[in-house]
Amino acid sequence: MGAAGAARAQAPAPDPIKFGQPDAHDFRPEAFAADSAAGAVVLCDYGRSRLVGYRAGFRVLFERVTRVKILKKSGYDAATVEIPLYHRDGDQEQVSNLRGFTYRLVDGQVQKTKLDASGDFLEKRSPNVNVRRFTLPDVREGAVVEYAYTLSSDFLFNFQNWVFQGPYPVRWSEYRASIPVFYKYKIILQGSQPLAVDRPTRGMTTLLVDNKLAAGSISVGQTNGSLSVSAPTEQYQWAMKDVPVLRREAYTTAAADYEARLDFQLVGEQWPDQPYRDLTDSWAKINARLLASESFGQQLDRAGFLKEQVAALAAQYPDPAQRAAAVRRVVLAAVRYNGTNRYGTDNGLRKAYDAHSGTSADVNLLLIGALRTAGLGAQPVLLSTRDHGRINQTYPLLEKFNYVVALVPLADGHDLLVDATDPALPCGTLPERCLNQTGRLVSADATAGRWVDLRPAQQHLHFQQVKLALDAQGGLSGQVHEEYAGYAGADARGELARLGEKKYLAEIGRQHTAWALTPLAVAGRDDVERPLALDYAFTQAPDDNAAAAATLYLSPLRELTGAQNPFREAERRFPVDFGAPQDEVLLVTLALPEGYELAETPKSTVLNLANGGGRFQYNVAAAGPTVQLTSRLTLYKPVYGAEEYGNLRELYRLMLEKQAEKFVIKKKD
Amino acid sequence: MKALLPLLLALPLSSARAPLATRGAPEPKYPVAAIPAALREGAHAVLRADDEVVTVKSAGRLVQTVHRVVTVLDAGGDAFGRIRVDYDALNAIGYLRGAVYDADGRLLHQLRAAEIHDQGVGDAGGSLMTDVRVRYADLRQPQAPYTVEFDYEVVSDNTLFYPSWQPQDEEGLAVQSATLRVSTPSALPLRYQERQWPAGAPAQHTTAGGQEQYAWALAGCPALDEEDDAPPLADTAPAVALAPGAFEVQGHAGSAATWQALGQWNYELNAGRAVLPPALVAKVAELIKDAPDPRVRVARLYGLLQGSTRYISVQLGLGGWQTFPASAVAANGYGDCKALSNYAMALLATAGVPAYVALVGAGSGHADLRADFPSSQFNHAILCVPLAKAGRPDTLWLECTSQTEALGYMGGFTGNRHALLLTPQGGKVVATPRYRCADNRRERRIDLYLDAQGAATATARTLRTGQEQDLYAQLLHELSPADQKAYVAERLRLATFTLNKFALAATAGPGLPGVVETLALALPGYAPPSGKRVFLTPNLLSRLPALPAQVGPRQAPLWLPRASLQADTVRLHLPAGFQPETLPAPVQLATAYGTYSARYQTLPDGTVQYVRRLELPRLRLPAAAYAGYVDFRRKISAADRAQVVLLKTDA
C-alpha cells in the first residue's frame with residue numbers, strides 16, 4: 001500500500017481541465033442553482049509554469065486555460081480578457097498560441113464558436129506595459145466561454161504569480177509550477193482562503209540552451225549546437241475550491257491585502273558542483289543594495305543645489321525639530337509632489353528640482369539630502385502606501401515598497417518622520433496615504449536597518465464650540481467656532497484651498513439648509529503647525545407662522561452634527577482602518593428664551609468601547625436660562641479588528657441617539 | 001495681426017533658440033501684476049491668452065494651432081497647470097510645447113520632451129479597441145501664483161469635425177484675452193455659429209488671395225460660478241462653433257451644409273452593410289411567421305437582438321462612423337452602437353418592417369441638438385421604427401446596445417431630445433420620446449411599526465418608472481444583489497439602521513419600464529420617548545433637502561431638465577398606550593415650479609396615515625425665478641421634516 005501510494009504521488013495529477021472539451025454538466029441549469037447572485041462563474045482557471053531554455057539562459061513559460069460560465073448579462077464582461085505584458089530593459093513578456101471557444105447548447109447539442117485570434121488587439125498602454133485584449137464571440141446567457149494562451153516571460157526573478165480570487169466566484173482554481181532544482185524560490189501564499197490541494201512532488205525536466213552551462217554531474221548532451229540539460233525539478237500543485245468574490249468595504253487599505261494569491265521570489269541558485277548561491281534577499285542586503293543604488297543611495301547626498309538655502313538654517317534653528325521644519329519648507333517650495341509614488345527616483349533629483357515637480361521619491365530624497373546638509377542625521381524610511389498593500393516583515397521584498405520618507409532622530413530618543421509632499425500637513429505628520437503600519441529604515445550601516453512604527457501620534461481632531469440662542473417661536477441663532485487639527489486640519493485646508501472661502505461656506509450651507517449664514521472668518525490658514533480655525537454665525541428662522549409656544553422641543557446637537565452612522569453594513573469581514581485616532585469634540589452653550597427653562601435635564605452618559613478602544617462622553621448641565629452641553633467621541637486606535645466592528649457601530653448608534661435627544665423647554669409658570 | 005504676436009513670442013520655446021532667450025534679460029512674460037483686479041475676483045485661474053488658429057487646408061485636411069496661457073492663482077486652479085491633447089489615427093499632434101513662469105513672469109522651466117507622457121486610453125472609454133491616445137504634461141508648481149504656457153498643433157484628416165471654441169469652459173476661470181482665427185479657401189466657405197456671444201464683438205471677416213479670414217476676440221470676462229440647478233457652463237458661456245460645408249474623410253466626400261446632406265453622407269457610408277446570412281434570415285422568418293402585426297414583430301426581433309448580442313466598442317479610424325457589416329455582428333454576437341443598430345435594422349428589414357438608424361448626442365447631461373446648425377453633434381446611434389396606431393404615427397425607438405432595456409424606452413440617455421434620422425433621401429431631424437411627470441413616477445408605500453421603547457421596524461415598497469428607474473434598472477442589471485444592497489444602504493439618509501431585506505425587481509408588462517424596490521428596515525432608537533412624548537417624522541425616506549441660501553445674485557437660468565412625480569403613503573403603526581397628540585397641519589403648495597401636498601389623518605384603527613405628493617415639471621426659467629424656487633424647496637423641506645407628536649396615555 002505504502003509503496004503504491006508513494007508511486008502515485010510521483011505521477012503527475014491529471015489536468016483539471018482539457019481545452020476544447022466542455023463538460024455536459026456545465027449546461028445544466030441545476031448546476032448553477034446556488035449562483036443566482038453571480039453574473040458569471042469561473043468553472044476552472046488552470047495555470048502551469050515551467051522553465052525552458054531560451055538562448056543562453058532560461059525563460060518562464062506560463063500556460064493558462066480558463067473556462068467561464070456566463071449566467072447573466074451582467075457577466076458578459078467575463079468574456080473580454082485583458083493580458084498586461086511588461087517589458088523593461090530588453091526583458092519582455094509575450095503571448096502566443098491564443099485560442100478560444102464559446103460553447104452554447106443549441107437544440108440539445110453543444111455548438112462551438114471559435115475565437116478569431118486575429119481580431120485581438122495590442123495597445124501600447126504605457127512605456128513599460130502593452131496590453132493584449134480580446135473578446136469571445138457569440139456570448140449569451142448560459143454560454144460557456146473558454147480561452148487558452150501561453151505567456152513567455154524573461155522575468156525569472158518574479159516567477160509567474162497566481163491569483164485565485166477575482167470579480168466572479170471561482171469553482172476551481174489550480175496552479176502548477178515546475179522548477180528545476182537549480183533555482184530556489186520562496187513561495188508566499190496570501191489571503192484567508194484554504195488550499196484544497198497543496199502537493200509538492202519531484203520530477204525531471206530537459207532544457208535546451210544555446211550556450212554552455214556550467215557543466216557538471218547533470219547530464220549534458222550536445223545536439224545541433226545546443227546543449228540539452230536534464231535536471232530534477234520541484235513540482236508543485238496548488239488548488240482552491242469554491243473561492244468567493246472579494247468585496248470591498250469602507251475604511252480598508254488595498255484590496256490586494258486580502259486577496260487569495262501566490263507569489264514567488266527567487267532566493268537562491270544551486271548549480272551542480274558549485275556552492276549554493278544565496279540570492280535570498282535579507283533586509284540587510286536590501287539596505288546595502290539601496291545605498292549603492294543610483295536611484296536611491298547615490299542620490300541622498302546630491303542635494304547640493306539646495307545648499308545655499310539650507311545651510312544657513314543650521315545656525316538659525318538650533319532645535320532639530322524646528323530646523324527640520326524649516327528645511328521641509330524649503331523643499332516644499334522647491335519641488336511639487338506630482339501624485340506618483342516611488343521609493344527611488346526615476347530620472348534623478350536634479351531633473352525633478354529643475355522641473356519643480358517630482359514623485360514622492362524625488363521630493364523626499366531631496367528632503368533627506370537637504371536635512372543632512374543642514375546638519376541633521378536624516379535617514380530614509382521605506383514604506384508602502386495604503387492603496388499599495390501591507391508590508392510583511394517576514395519576507396524581504398523591495399518591490400512591496402513604493403514610497404520613502406525621512407526619519408530625523410531627536411535628542412529625546414524619539415524619531416521625527418518627515419515628508420514634504422503635502423504642504424497642508426505640519427512637519428512630523430505623515431500624509432494619510434502613508435499610515436500603513438510599518439516602514440523600514442535604510443541605514444548607512446546596513447546592519448542597523450530597523451522597523452519603524454508608522455502609527456501616528458497625531459489625531460484626526462475636530463473641535464467645535466457653539467453659542468446657541470433659542471427664541472420663543474422656535475427660531476435658532478448660533479455663533480460657531482470650529483478648529484481642525486492634525487489630519488482633520490489637512491483635510492479641511494485641502495477643501496478650503498480647492499473650493500475657496502465662498503464655496504466652502506456654501507458647502508456648510510448645504511449641510512444645514514435651514515441656516516442663513518454670515519461670511520466665514522478663517523484663521524491659521526497658512527500656518528499648518530496650528531489648527532485651522534473657522535468662525536461664522538447662522539440664524540434659523542422659526543417655522544412659518546410659528547407663535548410663541550408654552551413648550552418648545554429642540555435637539556440642539558442634531559442641528560450641528562452629521563446624522564448618519566458611517567457603518568451601514570451589519571457585518572464586517574476586514575479590519576476597520578481609519579489610519580489615525582480620532583477626537584470629535586462639541587461644546588454647546590444654549591441660551592433659552594427669556595422666561596423658559598428645561599422641563600427636565602437629560603441624563604449625562606459615558607459609553608466606553610471594550611478594552612479602552614474608545615469612548616463617547618455626553619454631559620448636560622443646566623444653570624438657569626443657560627444649558628451647557630458636551631459631546632465628545634474619542635477613538636484611540638487607528639485600526640479596529642473586524643471583531644470589534646459590532647461594538648464600534650453600536651457606539652456610533654448610541655451617540656447619534658443621544659445627540660438626537662429632544663430637550664423639552666417649558667415656559668415658567 | 002495682433003493675435004499672432006503671442007505665437008511669435010512662443011518661438012523661443014524651440015530648442016535652437018532657447019539659449020538666446022535666457023542669455024539676455026528677457027522681458028517678463030505674463031506677470032501676475034498685469035491681471036486686472038476684476039478678473040481675479042472669484043477666480044482660481046485666469047486665461048491670459050487663448051489664441052487658436054484653424055486653417056482649412058483642403059476639404060480633407062485642417063490644422064489647428066493653440067497657444068494657451070493660464071495663470072494659476074491658487075490650489076483651486078491647479079488643474080490648469082496640466083495639459084492633455086488627444087490624438088488618433090486621423091488626428092496627429094504636430095508639436096506640443098510648454099513653459100512655466102513665476103508670479104513676476106520669469107521663466108521657471110521649459111517642458112522637456114521627456115516630460116511629455118504618451119499613453120493609450122485603454123478601456124477607459126469602454127472600448128475593446130481604440131486608436132485614441134493622449135499626450136499629457138504637468139507643469140503645476142509648488143507655489144501659486146504661476147503661469148503656464150502651452151503651444152500645440154493638431155493636424156486633422158477628419159474634417160467631419162471642425163474644432164469648436166469656448167475659452168471659458170470651467171468655473172473659476174476668468175478670461176483676459178482670447179482669440180480665434182480661421183482661414184479657409186474661398187472655395188470651402190466656413191460655416192459658423194456664435195453662441196451666447198456678447199453684443200458688440202462681431203466677427204472680422206476679410207477676403208484676400210482666395211482665402212477667407214475670420215477672427216473673433218473675447219476679453220475681460222470675469223470668472224463664472226457653476227450654480228445649483230443651472231444649465232452646464234457649455235450652454236451659457238460664449239462660444240463659436242465651426243463646421244464644414246464640404247468635407248472628406250478617408251476618401252468619403254460629403255457636405256454638412258444641411259441636415260439632409262450630412263445624413264446622406266452617413267447613410268451612404270453605411271449603405272450595403274445590412275445583409276444577413278441566409279440561416280439568420282430563415283430564423284427571422286420562423287420567428288415572425290405567426291405575427292402579422294409589425295409591433296409584435298419588432299418586439300420579437302428586439303428580443304432576439306438583446307438575447308444574442310452585446311455591446312463591444314471598436315473605434316479605429318473611420319470605424320468611428322462607419323459600421324461593421326451586419327454579417328460580422330451575426331458571426332461575433334457583438335458590435336458597437338452603429339453596428340448593433342445597423343444589425344437590428346437588417347433584422348427588421350428581413351421581417352418587412354422598415355427602420356432607420358438615427359444619430360444622437362447621448363447622455364443625461366448632453367445638450368440637445370442645435371437644429372439650426374447642421375454639424376456632427378453626435379456620439380451615439382439608435383434605431384427608429386416608424387409605426388402607426390389607428391392611423392396616427394406611433395414610432396418605436398430602440399436602444400440596440402442594451403441587453404436589458406425595455407422595448408421602445410430611451411430614458412434619460414437618449415430621450416427628451418432630437419436626433420438625425422438617416423434615410424435614403426438623406427438626414428431628417430426628429431424628436432425622440434419625451435418623458436413627462438406622469439411617466440417618471442416614484443410611488444412609495446411604507447408601513448412603520450413603532451414599539452414603546454422607540455425602536456421601529458419598517459417595510460418600504462417603492463415603484464419607480466421611466467427616468468426615475470434609469471439608475472435602479474442599471475443597479476439591477478449590472479450589480480450583484482450584495483452590491484445593489486450596499487449601494488442603496490450607503491445612500492439611505494437614516495441615522496442607524498439594519499437592512500434586513502432588500503430586493504430589486506423589474507416590473508412585468510408593456511409600457512414604460514419599472515423597478516420595484518422592497519426594503520425591510522430595523523431602526524433601533526428611531527423615536528425614543530422624551531418624557532411622555534414621542535416625536536416621529538413620518539416621512540422616513542422621501543425627505544427632499546432644501547437648497548442652500550443663495551450667496552450673491554443668481555447668474556444662470558433655473559434649469560430642471562427632468563420631470564418627476566413622487567407619491568408617498570406612510571402608515572405609522574403605534575404601540576399600545578400611545579396616541580397622537582398633534583398631527584401636523586396639511587400643506588398644499590401650487591407654484592410655477594411644481595405642486596406639493598402633505599396630509600395626515602388618524603385612521604379608524606388608530607394608525608396614522610401620511611400622504612405626500614410632489615410633482616416637478618421639466619423647467620427652464622430666467623435667473624430671477626430662482627429665488628421663488630428656493631422658497632418652494634424650503635417649504636417642501638420644512639413640511640417633509642414635520643413631526644407627529646405621540647402622547648403616552650396612562651391607560
# chains A, B, ... in the order shown; residues from 1 in each chain; ligands from 1

$ closest_atom_pairs --of "chain B" --to "chain A" --cutoff "8 Å" --atoms "only C-alpha atoms" --output "JSON lines"
{"residue": "B:Asp74", "atom": "CA", "partner": "A:Ala497", "partner_atom": "CA", "distance": 7.2}
{"residue": "B:Ala75", "atom": "CA", "partner": "A:Ala497", "partner_atom": "CA", "distance": 5.5}
{"residue": "B:Gly76", "atom": "CA", "partner": "A:Arg498", "partner_atom": "CA", "distance": 4.1}
{"residue": "B:Gly77", "atom": "CA", "partner": "A:Arg498", "partner_atom": "CA", "distance": 7.9}
{"residue": "B:Leu108", "atom": "CA", "partner": "A:Ala355", "partner_atom": "CA", "distance": 7.9}
{"residue": "B:His109", "atom": "CA", "partner": "A:Ala355", "partner_atom": "CA", "distance": 5.9}
{"residue": "B:Gln110", "atom": "CA", "partner": "A:Ala355", "partner_atom": "CA", "distance": 7.9}
{"residue": "B:Leu111", "atom": "CA", "partner": "A:Ala355", "partner_atom": "CA", "distance": 7.8}
{"residue": "B:Asp118", "atom": "CA", "partner": "A:Ser126", "partner_atom": "CA", "distance": 7.1}
{"residue": "B:Gln119", "atom": "CA", "partner": "A:Ser126", "partner_atom": "CA", "distance": 5.2}
{"residue": "B:Gly120", "atom": "CA", "partner": "A:Arg125", "partner_atom": "CA", "distance": 4.5}
{"residue": "B:Val121", "atom": "CA", "partner": "A:Arg125", "partner_atom": "CA", "distance": 7.0}
{"residue": "B:Gly122", "atom": "CA", "partner": "A:Arg125", "partner_atom": "CA", "distance": 6.5}
{"residue": "B:Leu128", "atom": "CA", "partner": "A:Arg133", "partner_atom": "CA", "distance": 6.9}
{"residue": "B:Met129", "atom": "CA", "partner": "A:Phe121", "partner_atom": "CA", "distance": 6.4}
{"residue": "B:Asp138", "atom": "CA", "partner": "A:Asn338", "partner_atom": "CA", "distance": 7.9}
{"residue": "B:Leu139", "atom": "CA", "partner": "A:Ser357", "partner_atom": "CA", "distance": 7.5}
{"residue": "B:Arg140", "atom": "CA", "partner": "A:Ser357", "partner_atom": "CA", "distance": 7.3}
{"residue": "B:Gln141", "atom": "CA", "partner": "A:Arg336", "partner_atom": "CA", "distance": 5.9}
{"residue": "B:Pro142", "atom": "CA", "partner": "A:Arg336", "partner_atom": "CA", "distance": 4.5}
{"residue": "B:Gln143", "atom": "CA", "partner": "A:Ala333", "partner_atom": "CA", "distance": 6.3}
{"residue": "B:Gly307", "atom": "CA", "partner": "A:Arg140", "partner_atom": "CA", "distance": 6.5}
{"residue": "B:Ser308", "atom": "CA", "partner": "A:Arg140", "partner_atom": "CA", "distance": 5.8}
{"residue": "B:Thr309", "atom": "CA", "partner": "A:Asp138", "partner_atom": "CA", "distance": 7.1}
{"residue": "B:Arg310", "atom": "CA", "partner": "A:Val139", "partner_atom": "CA", "distance": 7.6}
{"residue": "B:Ala331", "atom": "CA", "partner": "A:Asp138", "partner_atom": "CA", "distance": 7.1}
{"residue": "B:Asn332", "atom": "CA", "partner": "A:Pro137", "partner_atom": "CA", "distance": 4.4}
{"residue": "B:Gly333", "atom": "CA", "partner": "A:Asp138", "partner_atom": "CA", "distance": 4.3}
{"residue": "B:Tyr334", "atom": "CA", "partner": "A:Pro137", "partner_atom": "CA", "distance": 7.1}
{"residue": "B:Gln403", "atom": "CA", "partner": "A:Lys73", "partner_atom": "CA", "distance": 7.0}
{"residue": "B:His477", "atom": "CA", "partner": "A:Ser74", "partner_atom": "CA", "distance": 6.0}
{"residue": "B:Glu478", "atom": "CA", "partner": "A:Ser74", "partner_atom": "CA", "distance": 4.9}
{"residue": "B:Leu479", "atom": "CA", "partner": "A:Ser74", "partner_atom": "CA", "distance": 7.0}
{"residue": "B:Ser480", "atom": "CA", "partner": "A:Ala37", "partner_atom": "CA", "distance": 5.5}
{"residue": "B:Pro481", "atom": "CA", "partner": "A:Ala37", "partner_atom": "CA", "distance": 5.9}
{"residue": "B:Ala482", "atom": "CA", "partner": "A:Ala37", "partner_atom": "CA", "distance": 7.8}
{"residue": "B:Ala486", "atom": "CA", "partner": "A:Glu569", "partner_atom": "CA", "distance": 7.4}
{"residue": "B:Ala489", "atom": "CA", "partner": "A:Arg568", "partner_atom": "CA", "distance": 6.2}
{"residue": "B:Glu490", "atom": "CA", "partner": "A:Arg568", "partner_atom": "CA", "distance": 6.3}
{"residue": "B:Arg493", "atom": "CA", "partner": "A:Gln564", "partner_atom": "CA", "distance": 7.0}
{"residue": "B:Leu494", "atom": "CA", "partner": "A:Gln564", "partner_atom": "CA", "distance": 6.0}
{"residue": "B:Ala495", "atom": "CA", "partner": "A:Gln564", "partner_atom": "CA", "distance": 4.1}
{"residue": "B:Thr496", "atom": "CA", "partner": "A:Asn565", "partner_atom": "CA", "distance": 5.4}
{"residue": "B:Phe497", "atom": "CA", "partner": "A:Arg568", "partner_atom": "CA", "distance": 7.2}
{"residue": "B:Thr498", "atom": "CA", "partner": "A:Ala570", "partner_atom": "CA", "distance": 6.2}
{"residue": "B:Leu499", "atom": "CA", "partner": "A:Ala570", "partner_atom": "CA", "distance": 8.0}
{"residue": "B:Gly525", "atom": "CA", "partner": "A:Glu657", "partner_atom": "CA", "distance": 6.4}
{"residue": "B:Tyr526", "atom": "CA", "partner": "A:Glu657", "partner_atom": "CA", "distance": 7.9}
{"residue": "B:Pro528", "atom": "CA", "partner": "A:Glu661", "partner_atom": "CA", "distance": 7.8}
{"residue": "B:Ser530", "atom": "CA", "partner": "A:Lys662", "partner_atom": "CA", "distance": 6.3}
{"residue": "B:Pro545", "atom": "CA", "partner": "A:Thr513", "partner_atom": "CA", "distance": 7.2}
{"residue": "B:Ala546", "atom": "CA", "partner": "A:Thr513", "partner_atom": "CA", "distance": 5.4}
{"residue": "B:Leu547", "atom": "CA", "partner": "A:Thr513", "partner_atom": "CA", "distance": 5.9}
{"residue": "B:Pro548", "atom": "CA", "partner": "A:Thr513", "partner_atom": "CA", "distance": 4.9}
{"residue": "B:Ala549", "atom": "CA", "partner": "A:Ala516", "partner_atom": "CA", "distance": 6.4}
{"residue": "B:Val551", "atom": "CA", "partner": "A:Ala506", "partner_atom": "CA", "distance": 7.8}
{"residue": "B:Arg634", "atom": "CA", "partner": "A:Ala514", "partner_atom": "CA", "distance": 7.6}
{"residue": "B:Ala638", "atom": "CA", "partner": "A:Asp543", "partner_atom": "CA", "distance": 7.5}

$ write_last_selection --atoms "C-alpha atoms" --output "PDB file, in the first residue's frame"
ATOM      1  CA  ASP B  74      -4.474  79.200  -6.075  1.00  0.00           C
ATOM      2  CA  ALA B  75      -4.792  75.477  -5.470  1.00  0.00           C
ATOM      3  CA  GLY B  76      -8.342  75.506  -6.838  1.00  0.00           C
ATOM      4  CA  GLY B  77      -6.927  76.345 -10.275  1.00  0.00           C
ATOM      5  CA  LEU B 108      10.898  78.791 -14.240  1.00  0.00           C
ATOM      6  CA  HIS B 109      11.070  75.816 -16.551  1.00  0.00           C
ATOM      7  CA  GLN B 110      10.626  74.742 -20.116  1.00  0.00           C
ATOM      8  CA  LEU B 111       8.877  71.480 -20.742  1.00  0.00           C
ATOM      9  CA  ASP B 118       2.220  59.394 -24.102  1.00  0.00           C
ATOM     10  CA  GLN B 119      -0.355  56.797 -23.281  1.00  0.00           C
ATOM     11  CA  GLY B 120      -3.148  54.681 -24.687  1.00  0.00           C
ATOM     12  CA  VAL B 121      -6.522  55.254 -23.117  1.00  0.00           C
ATOM     13  CA  GLY B 122      -7.157  51.542 -22.691  1.00  0.00           C
ATOM     14  CA  LEU B 128     -12.271  46.834 -26.774  1.00  0.00           C
ATOM     15  CA  MET B 129     -10.154  48.539 -29.362  1.00  0.00           C
ATOM     16  CA  ASP B 138       2.232  68.560 -15.822  1.00  0.00           C
ATOM     17  CA  LEU B 139       3.691  71.991 -15.114  1.00  0.00           C
ATOM     18  CA  ARG B 140       1.993  72.535 -11.762  1.00  0.00           C
ATOM     19  CA  GLN B 141       4.266  74.400  -9.394  1.00  0.00           C
ATOM     20  CA  PRO B 142       4.873  74.185  -5.651  1.00  0.00           C
ATOM     21  CA  GLN B 143       3.719  77.739  -5.122  1.00  0.00           C
ATOM     22  CA  GLY B 307     -30.566  37.855 -26.256  1.00  0.00           C
ATOM     23  CA  SER B 308     -27.886  37.221 -28.858  1.00  0.00           C
ATOM     24  CA  THR B 309     -25.652  40.304 -28.968  1.00  0.00           C
ATOM     25  CA  ARG B 310     -23.739  42.563 -26.633  1.00  0.00           C
ATOM     26  CA  ALA B 331     -20.911  35.996 -36.616  1.00  0.00           C
ATOM     27  CA  ASN B 332     -19.440  37.546 -33.464  1.00  0.00           C
ATOM     28  CA  GLY B 333     -22.525  38.391 -31.458  1.00  0.00           C
ATOM     29  CA  TYR B 334     -21.189  41.812 -30.662  1.00  0.00           C
ATOM     30  CA  GLN B 403     -29.365  43.742 -23.487  1.00  0.00           C
ATOM     31  CA  HIS B 477     -28.868  44.550 -14.262  1.00  0.00           C
ATOM     32  CA  GLU B 478     -25.230  45.345 -13.627  1.00  0.00           C
ATOM     33  CA  LEU B 479     -24.545  44.699  -9.935  1.00  0.00           C
ATOM     34  CA  SER B 480     -24.765  41.597  -7.805  1.00  0.00           C
ATOM     35  CA  PRO B 481     -27.545  41.646  -5.175  1.00  0.00           C
ATOM     36  CA  ALA B 482     -24.945  42.234  -2.448  1.00  0.00           C
ATOM     37  CA  ALA B 486     -24.588  48.102  -0.354  1.00  0.00           C
ATOM     38  CA  ALA B 489     -27.684  51.271   2.092  1.00  0.00           C
ATOM     39  CA  GLU B 490     -24.900  53.796   1.540  1.00  0.00           C
ATOM     40  CA  ARG B 493     -30.448  59.112   4.932  1.00  0.00           C
ATOM     41  CA  LEU B 494     -31.077  57.430   8.256  1.00  0.00           C
ATOM     42  CA  ALA B 495     -29.043  57.593  11.466  1.00  0.00           C
ATOM     43  CA  THR B 496     -28.574  53.909  12.160  1.00  0.00           C
ATOM     44  CA  PHE B 497     -30.383  51.047  10.526  1.00  0.00           C
ATOM     45  CA  THR B 498     -30.051  47.448   9.512  1.00  0.00           C
ATOM     46  CA  LEU B 499     -31.340  46.402   6.139  1.00  0.00           C
ATOM     47  CA  GLY B 525     -33.791  54.041  18.711  1.00  0.00           C
ATOM     48  CA  TYR B 526     -35.699  55.657  15.866  1.00  0.00           C
ATOM     49  CA  PRO B 528     -37.145  57.374  21.741  1.00  0.00           C
ATOM     50  CA  SER B 530     -38.905  62.273  25.688  1.00  0.00           C
ATOM     51  CA  PRO B 545     -33.466  68.725   1.225  1.00  0.00           C
ATOM     52  CA  ALA B 546     -33.786  72.476   0.880  1.00  0.00           C
ATOM     53  CA  LEU B 547     -31.308  74.405  -1.246  1.00  0.00           C
ATOM     54  CA  PRO B 548     -28.554  76.401   0.417  1.00  0.00           C
ATOM     55  CA  ALA B 549     -29.244  80.112   0.667  1.00  0.00           C
ATOM     56  CA  VAL B 551     -24.923  83.889  -1.945  1.00  0.00           C
ATOM     57  CA  ARG B 634     -37.552  75.441   1.648  1.00  0.00           C
ATOM     58  CA  ALA B 638     -39.934  72.105   6.251  1.00  0.00           C
TER      59      ALA B 638
END

$ residues_around --residues "Leu398 of chain A" --least-positions-apart "2" --cutoff "9 Å" --atoms "only C-alpha atoms" --output "ChimeraX atom specification"
/A:281,283,286,396,400-402

$ select_by_dssp --residues "segment 128-310 of chain A" --states "alpha helix (DSSP H)" --output "PyMOL selection string"
chain A and resi 283-292+307-310

$ write_last_selection --atoms "C-alpha atoms" --output "PDB file, in the first residue's frame"
ATOM      1  CA  TRP A 283      16.725  43.274   4.907  1.00  0.00           C
ATOM      2  CA  ALA A 284      20.444  43.922   5.355  1.00  0.00           C
ATOM      3  CA  LYS A 285      21.133  43.095   1.697  1.00  0.00           C
ATOM      4  CA  ILE A 286      18.286  45.257   0.526  1.00  0.00           C
ATOM      5  CA  ASN A 287      19.671  48.020   2.673  1.00  0.00           C
ATOM      6  CA  ALA A 288      23.134  47.675   1.136  1.00  0.00           C
ATOM      7  CA  ARG A 289      21.759  47.476  -2.382  1.00  0.00           C
ATOM      8  CA  LEU A 290      19.642  50.565  -1.893  1.00  0.00           C
ATOM      9  CA  LEU A 291      22.581  52.525  -0.547  1.00  0.00           C
ATOM     10  CA  ALA A 292      24.629  51.610  -3.615  1.00  0.00           C
ATOM     11  CA  LYS A 307      22.779  74.051  -0.181  1.00  0.00           C
ATOM     12  CA  GLU A 308      22.613  77.805  -0.317  1.00  0.00           C
ATOM     13  CA  GLN A 309      19.099  77.940   1.059  1.00  0.00           C
ATOM     14  CA  VAL A 310      19.544  75.222   3.632  1.00  0.00           C
TER      15      VAL A 310
END

$ residues_around --residues "segment 168-185 of chain B" --least-positions-apart "4" --cutoff "8 Å" --atoms "only C-alpha atoms" --output "NGL selection string"
:B and (3 or 35 or 39-40 or 42-58 or 77 or 189-190 or 210-226 or 233-234 or 237-238)

$ write_last_selection --atoms "C-alpha atoms" --output "CSV table (one decimal), in the first residue's frame"
chain,number,residue,atom,x,y,z
B,3,ALA,CA,-3.2,87.7,-32.3
B,35,ILE,CA,-4.1,90.9,-14.4
B,39,LEU,CA,-10.6,89.3,-13.2
B,40,ARG,CA,-9.1,88.0,-10.0
B,42,GLY,CA,-13.7,84.8,-7.6
B,43,ALA,CA,-11.2,83.2,-9.9
B,44,HIS,CA,-8.9,80.3,-9.3
B,45,ALA,CA,-7.2,80.9,-12.6
B,46,VAL,CA,-7.0,83.5,-15.4
B,47,LEU,CA,-6.8,82.7,-19.1
B,48,ARG,CA,-4.2,85.2,-20.1
B,49,ALA,CA,-4.2,84.3,-23.7
B,50,ASP,CA,-6.0,81.6,-25.7
B,51,ASP,CA,-5.1,82.1,-29.3
B,52,GLU,CA,-6.4,79.4,-31.6
B,53,VAL,CA,-5.8,79.3,-35.3
B,54,VAL,CA,-7.8,77.0,-37.5
B,55,THR,CA,-6.5,76.6,-41.1
B,56,VAL,CA,-8.6,74.7,-43.5
B,57,LYS,CA,-6.0,73.2,-46.0
B,58,SER,CA,-8.5,71.3,-48.1
B,77,GLY,CA,-6.9,76.3,-10.3
B,189,PRO,CA,-16.8,78.6,-47.3
B,190,LEU,CA,-16.8,78.5,-43.5
B,210,GLY,CA,-8.7,83.2,-52.5
B,211,GLN,CA,-8.7,82.8,-48.7
B,212,GLU,CA,-11.4,83.8,-46.3
B,213,GLN,CA,-10.1,85.1,-42.9
B,214,TYR,CA,-12.3,85.2,-39.9
B,215,ALA,CA,-11.4,86.5,-36.4
B,216,TRP,CA,-13.2,86.6,-33.1
B,217,ALA,CA,-11.9,88.1,-29.8
B,218,LEU,CA,-13.1,87.9,-26.2
B,219,ALA,CA,-11.5,90.0,-23.4
B,220,GLY,CA,-12.1,90.8,-19.8
B,221,CYS,CA,-14.6,88.1,-18.8
B,222,PRO,CA,-14.8,87.6,-15.0
B,223,ALA,CA,-14.9,84.1,-13.6
B,224,LEU,CA,-18.2,82.2,-13.7
B,225,ASP,CA,-19.7,80.1,-11.0
B,226,GLU,CA,-21.4,76.8,-11.6
B,233,LEU,CA,-21.5,76.3,-18.5
B,234,ALA,CA,-21.1,74.9,-22.0
B,237,ALA,CA,-20.6,80.8,-21.8
B,238,PRO,CA,-19.7,82.4,-25.1

$ closest_residue --among "B:Pro622, B:Gly466, B:Pro393, B:Pro163" --to "Pro244 of chain B" --atoms "only C-alpha atoms"
B:Pro163

$ closest_residue --among "B:Tyr302, B:Trp321, B:Phe373, B:Trp397" --to "Gln250 of chain B" --atoms "only C-alpha atoms"
B:Trp321

$ atom_distance --atom1 "atom CA of Leu407 of chain B" --atom2 "atom CA of Ala299 of chain B"
6.7 Å

$ residues_around --residues "Ala627 of chain B" --least-positions-apart "4" --cutoff "12 Å" --atoms "only C-alpha atoms" --output "MDAnalysis selection string"
chainID B and resid 228:229 547:558 593 621:623 631:634

$ residues_around --residues "Trp162 of chain A" --least-positions-apart "4" --cutoff "8 Å" --atoms "only C-alpha atoms" --output "VMD selection string"
chain A and resid 47 175 261 to 263

$ atom_distance --atom1 "atom CA of Tyr353 of chain A" --atom2 "atom CA of Phe305 of chain A"
8.4 Å
